[in-house]
file work_13.txt (compact mmCIF, C-alpha atoms and all ligand atoms)
# COMPACT_ATOMS: atom_id res chain seq x y z
CA MET A 294 15.91 -25.67 -5.14
CA ASN A 295 14.40 -25.87 -8.61
CA PHE A 296 11.35 -23.80 -9.39
CA GLN A 297 10.71 -25.21 -12.80
CA SER A 298 10.72 -28.74 -11.47
CA ASN A 299 8.53 -27.73 -8.50
CA LEU A 300 5.99 -26.24 -10.91
CA SER A 301 6.11 -29.31 -13.15
CA GLN A 302 5.37 -31.48 -10.13
CA LEU A 303 2.46 -29.24 -9.21
CA GLN A 304 1.14 -29.43 -12.76
CA SER A 305 1.23 -33.23 -12.69
CA ASN A 306 0.03 -33.76 -9.15
CA ASP A 307 -2.49 -30.97 -8.57
CA PRO A 308 -3.71 -29.75 -11.93
CA GLU A 309 -6.59 -27.75 -10.43
CA VAL A 310 -4.35 -25.51 -8.34
CA TYR A 311 -1.87 -25.32 -11.19
CA ALA A 312 -4.64 -24.17 -13.53
CA ALA A 313 -5.61 -21.38 -11.14
CA ILE A 314 -2.00 -20.19 -10.93
CA LEU A 315 -1.63 -20.30 -14.69
CA GLY A 316 -4.91 -18.42 -15.14
CA GLU A 317 -3.75 -15.68 -12.77
CA GLU A 318 -0.41 -15.48 -14.55
CA GLN A 319 -2.19 -14.93 -17.88
CA ARG A 320 -4.60 -12.41 -16.37
CA GLU A 321 -1.70 -10.39 -14.93
CA GLN A 322 0.17 -10.42 -18.23
CA LYS A 323 -2.82 -9.63 -20.41
CA GLY A 324 -4.24 -6.55 -18.68
CA ILE A 325 -3.20 -3.33 -16.97
CA GLU A 326 -3.11 -3.35 -13.20
CA LEU A 327 -4.06 0.03 -11.80
CA ILE A 328 -5.09 -0.90 -8.26
CA PRO A 329 -2.75 1.45 -6.37
CA SER A 330 -1.89 -1.08 -3.66
CA GLU A 331 -0.78 -3.79 -6.11
CA ASN A 332 2.52 -4.41 -7.84
CA TYR A 333 4.57 -7.09 -9.60
CA THR A 334 7.36 -8.35 -7.40
CA TRP A 335 10.86 -9.37 -8.44
CA PRO A 336 11.77 -12.89 -9.66
CA GLU A 337 14.33 -13.02 -6.82
CA VAL A 338 11.54 -12.31 -4.33
CA PHE A 339 9.53 -15.24 -5.71
CA ALA A 340 12.65 -17.40 -5.28
CA ALA A 341 13.10 -16.44 -1.63
CA ASN A 342 9.38 -16.51 -0.85
CA GLY A 343 8.94 -19.99 -2.28
CA SER A 344 12.10 -21.26 -0.60
CA ILE A 345 12.92 -23.88 1.99
CA PHE A 346 12.48 -21.31 4.80
CA THR A 347 8.74 -22.15 4.51
CA ASN A 348 9.58 -25.22 6.59
CA LYS A 349 11.00 -23.47 9.61
CA TYR A 350 9.60 -22.32 12.96
CA SER A 351 11.56 -19.50 14.59
CA GLU A 352 9.56 -17.79 17.36
CA GLY A 353 11.64 -15.07 18.95
CA TYR A 354 14.23 -12.80 17.41
CA PRO A 355 17.77 -13.36 16.07
CA GLY A 356 19.97 -14.76 18.84
CA ARG A 357 17.02 -15.46 21.14
CA ARG A 358 14.65 -18.03 19.65
CA TYR A 359 12.44 -20.68 21.20
CA TYR A 360 13.45 -23.44 18.75
CA GLY A 361 16.80 -24.86 17.61
CA GLY A 362 18.29 -24.79 14.14
CA GLN A 363 18.28 -21.00 13.70
CA GLU A 364 21.66 -20.40 12.06
CA PHE A 365 20.22 -19.32 8.72
CA THR A 366 16.96 -17.78 9.93
CA ASP A 367 19.00 -15.50 12.21
CA ALA A 368 21.23 -14.53 9.30
CA VAL A 369 18.37 -13.69 6.97
CA GLU A 370 16.26 -11.83 9.54
CA THR A 371 19.29 -9.75 10.57
CA LEU A 372 19.87 -8.87 6.93
CA ALA A 373 16.25 -7.76 6.55
CA VAL A 374 16.38 -5.67 9.75
CA GLU A 375 19.66 -3.94 8.85
CA ARG A 376 18.49 -3.18 5.30
CA ALA A 377 15.17 -1.79 6.58
CA LYS A 378 17.00 0.50 9.04
CA ARG A 379 19.35 1.75 6.34
CA LEU A 380 16.63 2.28 3.74
CA PHE A 381 14.30 4.24 6.01
CA ARG A 382 16.92 5.90 8.29
CA ALA A 383 15.27 4.13 11.25
CA GLU A 384 16.80 3.38 14.64
CA HIS A 385 14.92 0.07 14.92
CA ALA A 386 13.03 -2.26 12.58
CA ASN A 387 10.73 -5.21 13.19
CA VAL A 388 10.28 -7.29 10.03
CA GLN A 389 7.93 -9.95 11.44
CA PRO A 390 4.40 -8.53 10.96
CA LEU A 391 2.55 -10.93 8.70
CA SER A 392 0.86 -8.11 6.82
CA GLY A 393 -0.47 -4.57 7.08
CA SER A 394 -3.28 -5.18 9.58
CA PRO A 395 -1.21 -6.98 12.24
CA MET A 396 1.58 -4.42 11.81
CA ASN A 397 -0.78 -1.59 12.81
CA GLN A 398 -2.52 -3.66 15.48
CA ALA A 399 0.84 -4.46 17.08
CA VAL A 400 1.59 -0.74 17.41
CA TYR A 401 -1.78 0.08 19.02
CA LEU A 402 -1.48 -2.87 21.38
CA ALA A 403 2.09 -1.88 22.33
CA PHE A 404 1.10 1.54 23.64
CA CYS A 405 -2.64 1.63 24.36
CA GLN A 406 -5.03 0.08 26.85
CA PRO A 407 -8.58 -0.84 25.84
CA GLY A 408 -10.64 2.35 25.66
CA ASP A 409 -7.65 4.62 24.99
CA THR A 410 -8.03 7.22 22.28
CA ILE A 411 -6.28 7.14 18.91
CA LEU A 412 -6.72 10.07 16.54
CA GLY A 413 -6.72 9.06 12.86
CA MET A 414 -7.87 10.19 9.44
CA ASP A 415 -11.58 9.79 8.69
CA LEU A 416 -12.07 6.60 6.68
CA SER A 417 -13.98 8.23 3.83
CA HIS A 418 -11.29 10.91 3.58
CA GLY A 419 -8.61 8.27 3.02
CA GLY A 420 -7.93 6.46 6.32
CA HIS A 421 -7.69 2.67 6.41
CA LEU A 422 -9.84 -0.09 7.88
CA THR A 423 -7.14 -0.73 10.52
CA HIS A 424 -7.41 2.91 11.57
CA GLY A 425 -10.39 1.88 13.66
CA ALA A 426 -13.23 1.21 11.25
CA PRO A 427 -16.32 0.35 13.32
CA VAL A 428 -16.39 -3.11 11.68
CA SER A 429 -12.79 -3.87 12.79
CA HIS A 430 -11.88 -5.39 16.16
CA MET A 431 -9.54 -2.44 16.74
CA GLY A 432 -12.55 -0.14 16.43
CA ALA A 433 -14.22 -2.08 19.25
CA ILE A 434 -11.15 -2.12 21.52
CA PHE A 435 -9.90 1.45 21.21
CA ASN A 436 -11.64 4.79 20.98
CA PHE A 437 -10.81 6.09 17.49
CA VAL A 438 -11.60 9.72 16.83
CA ARG A 439 -11.30 11.38 13.45
CA TYR A 440 -9.92 14.32 11.60
CA LYS A 441 -10.82 15.21 8.03
CA THR A 442 -9.46 16.84 4.93
CA ILE A 443 -10.79 19.94 3.22
CA PRO A 444 -11.49 18.53 -0.27
CA GLU A 445 -12.13 21.90 -1.87
CA GLU A 446 -8.67 23.05 -0.70
CA SER A 447 -6.85 20.29 -2.59
CA GLY A 448 -7.49 17.87 0.24
CA ARG A 449 -5.50 19.83 2.82
CA ILE A 450 -5.71 18.19 6.27
CA ASP A 451 -7.82 20.35 8.54
CA PHE A 452 -5.11 20.94 11.17
CA GLU A 453 -7.17 23.49 13.12
CA GLU A 454 -9.85 20.85 13.67
CA LEU A 455 -7.24 18.17 14.32
CA ARG A 456 -5.63 20.30 17.06
CA ARG A 457 -9.01 21.11 18.60
CA VAL A 458 -9.97 17.41 18.71
CA ALA A 459 -6.53 16.42 20.01
CA LEU A 460 -6.73 18.96 22.86
CA ALA A 461 -10.25 17.77 23.71
CA THR A 462 -9.66 14.00 23.54
CA LYS A 463 -6.00 13.65 24.62
CA PRO A 464 -5.13 10.74 22.29
CA LYS A 465 -2.34 8.28 23.15
CA ILE A 466 -1.43 8.17 19.44
CA ILE A 467 -1.84 10.66 16.63
CA LEU A 468 -1.93 8.56 13.50
CA CYS A 469 -1.44 9.78 9.99
CA GLY A 470 -1.33 7.83 6.76
CA TYR A 471 -3.86 6.66 4.30
CA THR A 472 -5.14 4.14 1.82
CA SER A 473 -7.02 6.52 -0.44
CA TYR A 474 -5.54 10.02 -0.37
CA PRO A 475 -3.58 11.40 -3.29
CA ARG A 476 -1.42 13.97 -1.47
CA ASP A 477 1.70 14.14 0.68
CA LEU A 478 1.42 15.01 4.38
CA ASP A 479 2.74 17.81 6.58
CA TYR A 480 4.49 15.64 9.17
CA ALA A 481 5.94 18.63 11.03
CA GLU A 482 2.43 19.90 11.74
CA PHE A 483 1.28 16.48 13.06
CA LYS A 484 4.36 16.31 15.29
CA LYS A 485 3.83 19.82 16.67
CA ILE A 486 0.26 18.99 17.74
CA ALA A 487 1.28 15.57 19.11
CA ASP A 488 4.01 17.21 21.23
CA GLU A 489 1.53 19.77 22.51
CA VAL A 490 -0.90 17.07 23.73
CA GLY A 491 1.73 14.47 24.73
CA ALA A 492 0.76 11.90 22.07
CA LEU A 493 2.97 9.46 20.20
CA THR A 494 3.27 10.02 16.46
CA MET A 495 2.56 7.09 14.14
CA ALA A 496 2.67 7.18 10.33
CA ASP A 497 1.06 4.33 8.39
CA MET A 498 2.93 4.58 5.10
CA ALA A 499 1.64 1.27 3.71
CA HIS A 500 0.92 2.75 0.30
CA ILE A 501 3.94 4.95 -0.14
CA GLY A 502 6.70 2.92 1.54
CA GLY A 503 8.40 2.45 -1.84
CA LEU A 504 8.13 6.16 -2.66
CA ILE A 505 9.72 7.07 0.68
CA ALA A 506 12.40 4.40 0.14
CA GLY A 507 13.09 5.84 -3.31
CA GLY A 508 13.47 9.31 -1.82
CA VAL A 509 10.65 10.89 -3.83
CA MET A 510 8.27 11.45 -0.90
CA LYS A 511 8.97 12.75 2.59
CA ASN A 512 9.99 10.31 5.32
CA PRO A 513 8.04 10.88 8.56
CA LEU A 514 11.01 9.58 10.58
CA ASP A 515 13.01 12.59 9.34
CA PHE A 516 10.42 14.77 11.11
CA GLY A 517 10.90 13.03 14.47
CA PHE A 518 7.95 10.59 14.19
CA ASP A 519 8.09 7.86 16.83
CA ILE A 520 6.77 5.00 14.70
CA MET A 521 6.30 4.34 11.02
CA THR A 522 4.66 1.28 9.47
CA THR A 523 4.63 0.14 5.88
CA THR A 524 3.53 -2.87 3.95
CA THR A 525 6.20 -4.40 1.74
CA HIS A 526 4.11 -5.48 -1.26
CA LYS A 527 2.73 -2.19 -2.57
CA SER A 528 5.04 0.52 -3.97
CA LEU A 529 7.95 -1.27 -2.25
CA ARG A 530 7.54 -4.24 -4.67
CA GLY A 531 8.29 -6.95 -2.11
CA PRO A 532 6.42 -9.97 -0.72
CA ARG A 533 3.14 -9.59 1.20
CA ALA A 534 4.11 -8.45 4.69
CA GLY A 535 4.53 -5.47 7.00
CA LEU A 536 7.39 -3.58 8.65
CA ILE A 537 7.44 -1.49 11.82
CA LEU A 538 10.17 1.15 12.10
CA CYS A 539 10.62 3.11 15.31
CA LYS A 540 12.89 5.01 17.63
CA GLU A 541 15.24 2.79 19.64
CA LYS A 542 13.49 3.75 22.88
CA TYR A 543 10.34 1.94 21.67
CA ALA A 544 12.11 -1.12 20.24
CA LYS A 545 11.42 -3.48 23.16
CA GLN A 546 7.75 -2.51 23.41
CA ILE A 547 7.23 -2.99 19.67
CA ASP A 548 9.08 -6.30 19.51
CA LYS A 549 7.16 -7.71 22.49
CA SER A 550 3.90 -6.57 21.01
CA VAL A 551 4.55 -8.36 17.68
CA PHE A 552 5.84 -11.52 19.39
CA PRO A 553 4.64 -12.94 21.73
CA GLY A 554 1.89 -10.30 21.99
CA LEU A 555 0.13 -10.73 18.68
CA GLN A 556 1.81 -13.37 16.53
CA GLY A 557 3.50 -16.75 16.84
CA GLY A 558 6.07 -18.06 14.40
CA PRO A 559 7.29 -15.49 11.89
CA HIS A 560 7.10 -16.43 8.21
CA MET A 561 10.80 -16.82 7.54
CA HIS A 562 10.32 -17.38 3.81
CA THR A 563 8.61 -13.99 3.64
CA ILE A 564 11.32 -12.39 5.77
CA ALA A 565 13.95 -13.75 3.36
CA ALA A 566 11.94 -12.22 0.52
CA ILE A 567 11.66 -8.91 2.41
CA ALA A 568 15.47 -8.87 2.70
CA VAL A 569 15.71 -9.33 -1.08
CA ALA A 570 13.18 -6.57 -1.82
CA LEU A 571 14.88 -4.14 0.56
CA GLY A 572 18.22 -4.94 -1.08
CA LYS A 573 16.67 -4.01 -4.43
CA ALA A 574 15.18 -0.80 -3.01
CA LEU A 575 18.64 0.21 -1.78
CA GLN A 576 19.97 0.20 -5.37
CA PRO A 577 20.21 3.56 -7.17
CA GLU A 578 17.84 2.34 -9.94
CA PHE A 579 15.01 2.15 -7.42
CA LYS A 580 15.04 5.95 -7.13
CA ASN A 581 14.38 6.21 -10.89
CA TYR A 582 11.56 3.71 -10.56
CA ALA A 583 9.96 5.65 -7.69
CA GLN A 584 10.29 8.90 -9.64
CA GLN A 585 8.65 7.34 -12.70
CA ILE A 586 5.69 6.17 -10.56
CA LEU A 587 5.04 9.81 -9.65
CA VAL A 588 5.52 11.08 -13.22
CA ASN A 589 3.13 8.42 -14.49
CA ALA A 590 0.48 9.32 -11.90
CA LYS A 591 0.75 13.02 -12.75
CA THR A 592 0.47 12.19 -16.47
CA LEU A 593 -2.70 10.15 -15.93
CA ALA A 594 -4.13 12.92 -13.75
CA GLN A 595 -3.39 15.61 -16.34
CA VAL A 596 -5.26 13.77 -19.10
CA PHE A 597 -8.27 13.30 -16.81
CA LEU A 598 -8.24 16.94 -15.71
CA ASP A 599 -7.90 18.11 -19.32
CA ASN A 600 -11.10 16.16 -20.02
CA ASN A 601 -12.98 17.77 -17.12
CA ILE A 602 -13.02 14.61 -15.06
CA LYS A 603 -13.41 15.13 -11.33
CA LEU A 604 -10.42 13.92 -9.32
CA ILE A 605 -10.58 14.16 -5.55
CA THR A 606 -8.20 16.98 -4.50
CA ASN A 607 -7.88 17.89 -8.20
CA GLY A 608 -4.72 15.91 -8.81
CA THR A 609 -2.03 13.86 -7.09
CA ASP A 610 1.32 14.16 -5.29
CA ASN A 611 1.79 10.41 -5.03
CA HIS A 612 1.09 7.25 -7.01
CA MET A 613 -2.69 7.40 -6.64
CA LEU A 614 -5.75 9.09 -8.10
CA VAL A 615 -9.29 9.01 -6.75
CA MET A 616 -11.92 9.72 -9.42
CA ASN A 617 -15.49 10.75 -8.77
CA THR A 618 -17.17 8.61 -11.43
CA ILE A 619 -20.71 9.66 -10.58
CA GLN A 620 -19.91 13.31 -11.21
CA SER A 621 -17.76 12.56 -14.27
CA PHE A 622 -19.70 9.77 -16.01
CA ASN A 623 -22.89 9.24 -14.04
CA LEU A 624 -21.62 5.76 -13.08
CA ASP A 625 -21.05 4.57 -9.54
CA GLY A 626 -17.69 3.05 -8.61
CA THR A 627 -18.93 -0.51 -9.01
CA GLU A 628 -20.29 0.13 -12.48
CA ALA A 629 -17.03 1.88 -13.44
CA GLU A 630 -14.90 -0.96 -12.03
CA LYS A 631 -16.93 -3.57 -13.93
CA THR A 632 -16.76 -1.55 -17.16
CA LEU A 633 -12.97 -1.30 -16.91
CA ASP A 634 -12.74 -5.04 -16.18
CA LYS A 635 -14.27 -5.51 -19.62
CA ILE A 636 -11.32 -3.70 -21.24
CA SER A 637 -8.71 -5.56 -19.12
CA ILE A 638 -7.92 -2.57 -16.92
CA THR A 639 -8.20 -3.36 -13.22
CA VAL A 640 -9.13 -0.65 -10.70
CA ASN A 641 -11.16 -0.68 -7.50
CA LYS A 642 -14.35 1.01 -6.43
CA GLN A 643 -13.71 3.64 -3.78
CA ILE A 644 -15.61 5.79 -1.31
CA ILE A 645 -14.91 9.50 -1.53
CA PRO A 646 -14.90 12.06 1.32
CA ASP A 647 -18.27 11.96 3.13
CA ASP A 648 -19.60 9.74 0.36
CA PRO A 649 -23.40 9.84 0.22
CA ASN A 650 -23.37 6.36 -1.38
CA PRO A 651 -22.82 2.99 0.31
CA PRO A 652 -19.39 1.24 0.22
CA LEU A 653 -20.52 -1.42 -2.27
CA HIS A 654 -21.77 1.29 -4.65
CA PRO A 655 -19.53 4.23 -3.80
CA SER A 656 -19.08 7.40 -5.81
CA GLY A 657 -15.66 6.67 -7.24
CA ILE A 658 -12.72 4.52 -8.19
CA ARG A 659 -9.07 4.50 -7.18
CA LEU A 660 -6.24 4.19 -9.68
CA GLY A 661 -2.48 3.90 -9.18
CA THR A 662 0.71 3.56 -11.17
CA PRO A 663 3.23 1.31 -9.30
CA ALA A 664 2.41 -1.91 -11.17
CA ALA A 665 2.26 -0.41 -14.66
CA THR A 666 5.54 1.43 -13.94
CA THR A 667 7.18 -1.85 -12.94
CA ARG A 668 6.40 -3.16 -16.43
CA GLY A 669 8.23 -0.21 -17.94
CA MET A 670 5.20 1.83 -18.98
CA LYS A 671 5.89 5.55 -19.15
CA GLU A 672 4.17 8.84 -20.05
CA SER A 673 3.03 7.85 -23.55
CA GLU A 674 1.44 4.63 -22.26
CA MET A 675 -0.24 6.59 -19.44
CA GLN A 676 -1.79 8.93 -21.98
CA LYS A 677 -3.19 5.97 -23.90
CA ILE A 678 -4.46 4.34 -20.72
CA ALA A 679 -6.25 7.51 -19.61
CA SER A 680 -7.87 7.86 -23.04
CA TRP A 681 -9.03 4.25 -23.03
CA ILE A 682 -10.53 4.71 -19.57
CA ILE A 683 -12.40 7.84 -20.64
CA GLU A 684 -13.69 6.20 -23.82
CA ALA A 685 -14.82 3.08 -21.99
CA LEU A 686 -16.59 4.93 -19.18
CA LYS A 687 -18.30 7.28 -21.64
CA ASN A 688 -19.44 4.36 -23.82
CA HIS A 689 -20.01 1.78 -21.11
CA ALA A 690 -23.15 0.40 -22.78
CA ASP A 691 -21.46 -0.17 -26.14
CA GLU A 692 -20.11 -3.73 -25.93
CA SER A 693 -18.50 -3.63 -29.36
CA GLN A 694 -16.54 -0.49 -28.51
CA LEU A 695 -15.46 -2.02 -25.20
CA SER A 696 -14.26 -5.10 -26.99
CA GLN A 697 -12.29 -2.97 -29.47
CA ILE A 698 -10.60 -1.08 -26.61
CA LYS A 699 -9.87 -4.37 -24.82
CA SER A 700 -7.94 -5.66 -27.83
CA GLU A 701 -5.90 -2.45 -27.97
CA VAL A 702 -5.14 -2.70 -24.23
CA GLU A 703 -4.07 -6.32 -24.55
CA ALA A 704 -1.94 -5.59 -27.61
CA MET A 705 -0.05 -2.92 -25.68
CA CYS A 706 0.36 -5.20 -22.64
CA SER A 707 1.99 -7.88 -24.78
CA GLN A 708 4.85 -5.39 -25.32
CA PHE A 709 5.46 -5.05 -21.56
CA PRO A 710 6.22 -8.40 -19.94
CA VAL A 711 5.41 -8.91 -16.28
CA PRO A 712 8.64 -9.61 -14.35
CA GLY A 713 8.93 -13.18 -13.15
CA ILE A 714 6.51 -14.70 -15.67
N1 LIG B 801 -6.08 -3.35 0.72
C1 LIG B 801 -5.14 -2.27 0.74
C2 LIG B 801 -5.44 -1.22 -0.26
O1 LIG B 801 -5.91 -1.59 -1.33
O2 LIG B 801 -5.21 -0.05 -0.04
C3 LIG B 801 -4.96 -1.68 2.07
O3 LIG B 801 -5.04 -2.65 3.02

call {"tool": "encode", "arguments": {"input": "work_13.txt", "output": "structure tokens"}}
result
Amino acid sequence: MNFQSNLSQLQSNDPEVYAAILGEEQREQKGIELIPSENYTWPEVFAANGSIFTNKYSEGYPGRRYYGGQEFTDAVETLAVERAKRLFRAEHANVQPLSGSPMNQAVYLAFCQPGDTILGMDLSHGGHLTHGAPVSHMGAIFNFVRYKTIPEESGRIDFEELRRVALATKPKIILCGYTSYPRDLDYAEFKKIADEVGALTMADMAHIGGLIAGGVMKNPLDFGFDIMTTTTHKSLRGPRAGLILCKEKYAKQIDKSVFPGLQGGPHMHTIAAIAVALGKALQPEFKNYAQQILVNAKTLAQVFLDNNIKLITNGTDNHMLVMNTIQSFNLDGTEAEKTLDKISITVNKQIIPDDPNPPLHPSGIRLGTPAATTRGMKESEMQKIASWIIEALKNHADESQLSQIKSEVEAMCSQFPVPGI
């Protein structure tokens, strides 16, 4: 296995693909990545993910596969499963979901029949596409009903409404978790209502898996949740994939739902890389990393709030901020995203609760700190970043000012190498 020689071969034999990879490498090094779902993975994860396991089919689970030659796939999948259980204090782990969407779909399909009700967070209040967006296949198969937050009360979940809807609709699953919500959740309250109506509890922790692993945010499994899902490539810093963690009594149903229910051959190279990432997250240093992600997010938020910028829920408990750019700068999320692209800061446009604007021109942007924290940026860098963002959005029509800020951003980035480059 020799990465350098593999890359040299690629450079010689497929210069177009090589050029795209090189371009992306330079883009990632040059600018600041603030999309809250992105991160820079470990060099060891690249090594495992680009390894010889790419060659192997291994339908089934360790010790019971449908193909021969499984000595090493069994070893590596078992390592990943045991590390996942230890890290998240879970009775059972399935490490085969190919990414976040199939991981959630496998849970729904394990427990629900077409037409069954699933109660999840309203999409504009922070829920995810896989939580039954009308454009998703899951939205067509199952009956998703919604609860909301109360934005003016720091985004508190409206549990009175949630309970009323749960009693009225008798969901099979009460789902919590989010893709655009900057607060922690009251898992005990979800569990109490789920027990009252006889629903399973599912937490989609895709965004904050790394923060739970690092012990800086609450773990829903500690509150008796039945199932928790998380992607592995966001705050957890691993390869692109998903994990399902559950109580032992649901292990068979979950495993059957992932394979053969939803997927064929697992990606063993990714599973090897998951094992590596989970091994890293089990190290004491990962707790410091997770803590710094939160400190960095709070620092960014404070500078914005000090400058009268409107943040949804007026702050953050996690790694993420949602900014109302229309209210703060009279720019929609797309205009704000494009302006920040010009200063080499990457964010994404974002709908806000009950957004009056359409998804391609929503009212805000989303920002997050995992990737910048991975590069070693701390409070003083966050203060600079927040100031650059404010200056750029205020002066979005002034190309020469944007270009001046861009050179300052890139100069700072050159001091913080991206791991693995
Ligand atoms: N695309 C991810 C995010 O950005 O939150 C979720 O799937």

call {"tool": "closest_atom_pairs", "arguments": {"input": "work_13.txt", "of": "stretch 460-526 of chain A", "to": "stretch 402-421 of chain A", "cutoff": "7 Å", "atoms": "all atoms listed in the file", "output": "CSV"}}
result
residue,atom,partner,partner_atom,distance
A:Pro464,CA,A:Thr410,CA,4.6
A:Lys465,CA,A:Thr410,CA,5.9
A:Ile466,CA,A:Ile411,CA,5.0
A:Ile467,CA,A:Leu412,CA,4.9
A:Leu468,CA,A:Gly413,CA,4.9
A:Cys469,CA,A:Gly413,CA,6.1
A:Gly470,CA,A:Gly420,CA,6.8
A:Tyr471,CA,A:Gly420,CA,4.5
A:Thr472,CA,A:His421,CA,5.5
A:Ser473,CA,A:Gly419,CA,4.2
A:Tyr474,CA,A:Gly419,CA,4.9

call {"tool": "residues_near_ligand", "arguments": {"input": "work_13.txt", "ligand": "ligand LIG 801 (chain B)", "cutoff": "8 Å", "atoms": "all atoms listed in the file", "output": "MDAnalysis selection string"}}
result
chainID A and resid 328:331 393:394 421:422 472:473 499:500

call {"tool": "residues_around", "arguments": {"input": "work_13.txt", "residues": "A:Glu370", "least_positions_apart": "4", "cutoff": "9 Å", "atoms": "only C-alpha atoms", "output": "PyMOL selection string"}}
result
chain A and resi 354-355+365-366+374-375+388-389+561+564-565+567-568

call {"tool": "closest_residue", "arguments": {"input": "work_13.txt", "among": "A:Arg358, A:Asn641, A:Val588, A:Ile636", "to": "A:Cys706", "atoms": "all atoms listed in the file"}}
result
A:Ile636

call {"tool": "closest_residue", "arguments": {"input": "work_13.txt", "among": "A:Gly343, A:Gly669, A:Gly432, A:Gly356", "to": "A:Ile586", "atoms": "all atoms listed in the file"}}
result
A:Gly669

call {"tool": "atom_distance", "arguments": {"input": "work_13.txt", "atom1": "atom CA of A:Phe381", "atom2": "atom CA of A:Gln546"}}
result
19.8 Å

call {"tool": "residues_around", "arguments": {"input": "work_13.txt", "residues": "A:Glu352", "least_positions_apart": "2", "cutoff": "12 Å", "atoms": "all atoms listed in the file", "output": "CSV table (one decimal) with C-alpha atoms, in the coordinates of the input"}}
result
chain,number,residue,atom,x,y,z
A,349,LYS,CA,11.0,-23.5,9.6
A,350,TYR,CA,9.6,-22.3,13.0
A,354,TYR,CA,14.2,-12.8,17.4
A,355,PRO,CA,17.8,-13.4,16.1
A,356,GLY,CA,20.0,-14.8,18.8
A,357,ARG,CA,17.0,-15.5,21.1
A,358,ARG,CA,14.6,-18.0,19.6
A,359,TYR,CA,12.4,-20.7,21.2
A,360,TYR,CA,13.4,-23.4,18.8
A,361,GLY,CA,16.8,-24.9,17.6
A,362,GLY,CA,18.3,-24.8,14.1
A,363,GLN,CA,18.3,-21.0,13.7
A,366,THR,CA,17.0,-17.8,9.9
A,367,ASP,CA,19.0,-15.5,12.2
A,370,GLU,CA,16.3,-11.8,9.5
A,389,GLN,CA,7.9,-10.0,11.4
A,548,ASP,CA,9.1,-6.3,19.5
A,549,LYS,CA,7.2,-7.7,22.5
A,551,VAL,CA,4.6,-8.4,17.7
A,552,PHE,CA,5.8,-11.5,19.4
A,553,PRO,CA,4.6,-12.9,21.7
A,554,GLY,CA,1.9,-10.3,22.0
A,555,LEU,CA,0.1,-10.7,18.7
A,556,GLN,CA,1.8,-13.4,16.5
A,557,GLY,CA,3.5,-16.8,16.8
A,558,GLY,CA,6.1,-18.1,14.4
A,559,PRO,CA,7.3,-15.5,11.9
A,560,HIS,CA,7.1,-16.4,8.2
A,561,MET,CA,10.8,-16.8,7.5

call {"tool": "residues_around", "arguments": {"input": "work_13.txt", "residues": "A:Gln585", "least_positions_apart": "4", "cutoff": "10 Å", "atoms": "all atoms listed in the file", "output": "compact mmCIF listing (two decimals) with C-alpha atoms, in the frame of the given file"}}
result
# COMPACT_ATOMS: atom_id res chain seq x y z
CA VAL A 509 10.65 10.89 -3.83
CA PHE A 579 15.01 2.15 -7.42
CA LYS A 580 15.04 5.95 -7.13
CA ASN A 581 14.38 6.21 -10.89
CA ASN A 589 3.13 8.42 -14.49
CA ALA A 590 0.48 9.32 -11.90
CA LYS A 591 0.75 13.02 -12.75
CA HIS A 612 1.09 7.25 -7.01
CA THR A 662 0.71 3.56 -11.17
CA PRO A 663 3.23 1.31 -9.30
CA THR A 666 5.54 1.43 -13.94
CA THR A 667 7.18 -1.85 -12.94
CA GLY A 669 8.23 -0.21 -17.94
CA MET A 670 5.20 1.83 -18.98
CA LYS A 671 5.89 5.55 -19.15
CA GLU A 672 4.17 8.84 -20.05

call {"tool": "residues_near_point", "arguments": {"input": "work_13.txt", "point": "(15.0, -0.9, 11.9)", "cutoff": "9 Å", "atoms": "all atoms listed in the file", "output": "NGL selection string"}}
result
:A and (373-388 or 536-541 or 544)

call {"tool": "residues_around", "arguments": {"input": "work_13.txt", "residues": "A:Gly608", "least_positions_apart": "6", "cutoff": "12 Å", "atoms": "only C-alpha atoms", "output": "list in words"}}
result
Pro444, Glu445, Glu446, Ser447, Gly448, Tyr474, Pro475, Arg476, Asp477, Leu587, Ala590, Lys591, Thr592, Leu593, Ala594, Gln595, Val596, Phe597, Leu598, Asp599, Asn601, Ile602, Leu614, Val615, Met616, Asn617 and Leu660 of chain A

call {"tool": "atom_distance", "arguments": {"input": "work_13.txt", "atom1": "atom CA of A:Pro649", "atom2": "atom CA of A:Asp451"}}
result
20.6 Å

call {"tool": "closest_atom_pairs", "arguments": {"input": "work_13.txt", "of": "stretch 516-569 of chain A", "to": "stretch 487-493 of chain A", "cutoff": "12 Å", "atoms": "all atoms listed in the file", "output": "tab-separated table"}}
result
residue	atom	partner	partner_atom	distance
A:Gly517	CA	A:Leu493	CA	10.4
A:Phe518	CA	A:Leu493	CA	7.9
A:Asp519	CA	A:Leu493	CA	6.3
A:Ile520	CA	A:Leu493	CA	8.0
A:Met521	CA	A:Leu493	CA	11.0
A:Cys539	CA	A:Leu493	CA	11.1
A:Lys540	CA	A:Leu493	CA	11.2
A:Tyr543	CA	A:Leu493	CA	10.6

call {"tool": "write_last_selection", "arguments": {"input": "work_13.txt", "atoms": "C-alpha atoms", "output": "tab-separated table (two decimals), keeping the file's coordinate frame"}}
result
chain	number	residue	atom	x	y	z
A	517	GLY	CA	10.90	13.03	14.47
A	518	PHE	CA	7.95	10.59	14.19
A	519	ASP	CA	8.09	7.86	16.83
A	520	ILE	CA	6.77	5.00	14.70
A	521	MET	CA	6.30	4.34	11.02
A	539	CYS	CA	10.62	3.11	15.31
A	540	LYS	CA	12.89	5.01	17.63
A	543	TYR	CA	10.34	1.94	21.67
